[in-house]
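This report refers to the structure that appears directly beneath it.
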Amino acid sequence: MNMSDKKFVPVMITPFNVKAKVDFDVVSNLVDFYLAAGVKGFFANCLSSEMYSITEDERLELTAYIVKYVNGRVPVVATGSFGLTIEDKAEFTKKIYATGIDAVILITGHFANIEDSDETLLYNFNKFLSLTENIPLGMYECPAPYKRILSAPVFKTLLQTGRFVYHKDTSIIQDQVKAKLEIVQELNIPTFEFYDAHTPNASFSVRNGAKGMSSISGNFYPEVLVWMVNNAANPAMKEQVDWLQQQLIEVDPLIHIAYPMSAKYFLSKRGLPIRTISRAHALELTPEQKQTLDKVHESFLMWCQTLDISTVDIAEIIRPKVPLDSPI
């Protein structure tokens with residue numbers, strides 16, 4: 001993974017057809033949309049992808065399709081730590097790595113129960129590492145099954161194994177984020193990339209050495225997050241960055257409501273042919289929720305106009321394509 005520039009990496013949503021099956025045509029549209037917005041990687045098969053609501057075969061099929069469609073243009077990572085036992089998790093990790101992804105992401109909450117100590121967590125991680133040869137790995141403090149935030153010492157211990165190239169942080173508290181970023185700078189591992197998942201931390205994290213962001217806001221307005229990571233550490237752009245950061249902070253709680261349905265509604269409003277169908281969120285959006293998202297959309301257009309951010313031409317994205325067969 002190239003360390004030369006900052007990156008926004010979206011946590012991909014999964015479009016479904018009217019039968020609640022993965023809609024691969026719209027997956028292609030989404031990939032093209034993200035790339036046109038300037039993203040420099042993809043996190044497939046993640047919580048935003050509704051990974052807990054799709055089958056093992058669907059996880060593999062969806063990931064393989066994305067890898068094939070992206071075709072090496074940017075790196076792709078995906079979650080692999082599924083299964084009841086450490087051995088099960090290692091086996092699925094091998095399967096999903098075989099789809100061609102660049103690294104397999106491990107959910108920290110999959111390696112210890114909520115009441116377990118850090119010693120148990122590290123024991124299980126080390127056992128897993130012994131079963132997965134040299135597969136490149138990442139860590140993700142996913143909110144489900146529960147959010148297991150890594151302390152700075154545990155984070156450092158895992159990095160020192162030499163197996164990790166990726167971390168998606170959900171600490172939220174800036175002091176905790178900074179402590180981990182200081183470890184990243186101390187160890188200076190050329191292949192390692194640190195991403196913050198919390199949009200309100202965007203400018204702070206990038207200014208303190210994060211590789212970039214990987215937040216759900218990129219499923220609404222990726223162009224804005226790309227602009228943010230590209231400009232956050234530029235002193236000449238501090239005033240504009242600080243203004244945009246405050247704008248993003250104000251709307252961030254609103255886009256989390258009924259997510260990922262909220263993102264699908266927002267993207268459909270932008271013109272993408274994505275249905276507001278979700279396996280993770282069974283209820284329809286209320287009129288009030290839609291009105292709130294409509295106002296966020298107005299804010300998005302205002303940010304782009306104010307900062308001269310180019311928005312993706314959706315008509316170009318959804319033009320007729322040569323079909324790509326599903327690999328499985």
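By order of appearance in the structure tokens: chains A, B, ..., then residues from 1 within every chain, and ligands from 1 in the order shown.
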
| request: Just the residues within 12 Å of Tyr265 of chain A, please, counting only C-alpha atoms, with nothing from its chain fewer than 5 positions along; format it as a ChimeraX atom specification. | output: /A:13,15,219-220,255,257-260,270-278,284-287,289-294,296-297

Within 12 Å of Asn201 of chain A, counting only C-alpha atoms, which residues qualify if same-chain residues fewer than 3 places away don't, as a PyMOL selection string? chain A and resi 169-178+195-198+204-208+210+212-215+225+228-229+232+241-242+244-246+248-249+252

Of the candidates A:Lys269, A:Pro10, A:Ile107, A:Ile317, which one gets nearest to Ser28 of chain A if we count only C-alpha atoms?
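Under the stated criterion, the closest residue is A:Ile317.
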
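Residues in contact range of Val184 of chain A, defined as at most 12 Å between only C-alpha atoms, with sequence neighbours fewer than 6 positions away removed, read A:Ala152, A:Pro153, A:Phe155, A:Lys156, A:Thr157, A:Leu158, A:Leu159, A:Gln160, A:Phe164, A:Val165, A:Tyr166, A:His167, A:Val177, A:Lys178, A:Pro190, A:Thr191, A:Phe192, A:Glu193, A:Phe194, A:Tyr195, A:Asn208, A:Gly209, A:Ala210, A:Lys211.
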
Shortest contact to Ile105 of chain A, candidates A:Lys295, A:Arg73, A:Arg163, A:His256, atoms counted only C-alpha atoms, goes to A:Arg163

Among A:Ile318, A:Val67, A:Ile101, A:Leu301, Val224 of chain A is approached most closely, using only C-alpha atoms, by A:Leu301

- Within segment 55-267 of chain A, find each residue whose DSSP state, derived from the backbone, is strand (DSSP E), and express the selection as a list in words.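 The strand (DSSP E) subset of segment 55-267 of chain A is Val76, Val77, Ala78, Thr79, Ala103, Val104, Ile105, Leu106, Ile107, Leu137, Gly138, Met139, Tyr140, Phe164, Val165, Tyr166, His167, Lys168, Asp169, Glu193, Phe194, Tyr195, Asp196, Gly212 and Met213 of chain A.
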
Counting only C-alpha atoms, give me one row per residue of segment 161-251 of chain A with an atom at most 9 Å from an atom of segment 302-315 of chain A, showing the shortest contact pair and its distance in Å to one decimal, sorted by chain then residue number, as a Markdown table.
| residue | atom | partner | partner_atom | distance |
| --- | --- | --- | --- | --- |
| A:Tyr221 | CA | A:Thr311 | CA | 8.7 |
| A:Glu223 | CA | A:Thr311 | CA | 6.4 |
| A:Val224 | CA | A:Ile309 | CA | 7.2 |
| A:Trp227 | CA | A:Ile309 | CA | 7.3 |
| A:Gln240 | CA | A:Leu307 | CA | 7.5 |
| A:Leu244 | CA | A:Trp303 | CA | 7.3 |
| A:Gln247 | CA | A:Trp303 | CA | 8.3 |

Residues near segment 45-47 of chain A, anyone? I mean within 6 Å using only C-alpha atoms, not counting same-chain ones fewer than 2 positions away, as a ChimeraX atom specification. /A:49-51,78-79

Atoms kept (N, CA and C atoms) for selection, written as a PDB file, in the first residue's frame:
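The resulting selection-v2.pdb:
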ATOM      1  N   SER A  49     -21.573  -2.856   5.088  1.00  0.00           N
ATOM      2  CA  SER A  49     -21.993  -3.796   4.046  1.00  0.00           C
ATOM      3  C   SER A  49     -23.068  -4.760   4.540  1.00  0.00           C
ATOM      4  N   GLU A  50     -23.445  -4.607   5.821  1.00  0.00           N
ATOM      5  CA  GLU A  50     -24.423  -5.503   6.455  1.00  0.00           C
ATOM      6  C   GLU A  50     -23.860  -6.932   6.521  1.00  0.00           C
ATOM      7  N   MET A  51     -22.578  -7.030   6.890  1.00  0.00           N
ATOM      8  CA  MET A  51     -21.872  -8.312   6.866  1.00  0.00           C
ATOM      9  C   MET A  51     -22.476  -9.344   7.803  1.00  0.00           C
ATOM     10  N   ALA A  78     -11.108  -6.460   3.373  1.00  0.00           N
ATOM     11  CA  ALA A  78     -12.417  -7.008   3.752  1.00  0.00           C
ATOM     12  C   ALA A  78     -12.296  -7.756   5.070  1.00  0.00           C
ATOM     13  N   THR A  79     -13.389  -7.808   5.808  1.00  0.00           N
ATOM     14  CA  THR A  79     -13.409  -8.497   7.096  1.00  0.00           C
ATOM     15  C   THR A  79     -13.341 -10.009   6.907  1.00  0.00           C
TER      16      THR A  79
END

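Among the candidate residues A:Leu129, A:Ile96, A:Leu30, A:Ile114, the one lying nearest to Tyr146 of chain A is A:Ile114, with distances computed using only C-alpha atoms.
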
Correct to one decimal, the distance atom CA of Ser299 of chain A-atom CA of Ala280 of chain A is 27.0 Å

Ile149 of chain A proximity check over A:Thr108, A:Thr63, A:Asn234, A:Ser48, using only C-alpha atoms: winner is A:Thr108

message = Residues of segment 29-192 of chain A classed as alpha helix (DSSP H) by DSSP on the backbone are to be reported as a PyMOL selection string.
response = chain A and resi 29-37+56-70+86-97+118-131+152-159+174-187

Of the listed residues A:Glu133, A:Asp32, A:Asp5, A:Asp25, that which approaches Glu91 of chain A most closely, counting only C-alpha atoms
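Among the listed residues, the smallest separation from Glu91 of chain A belongs to A:Glu133.
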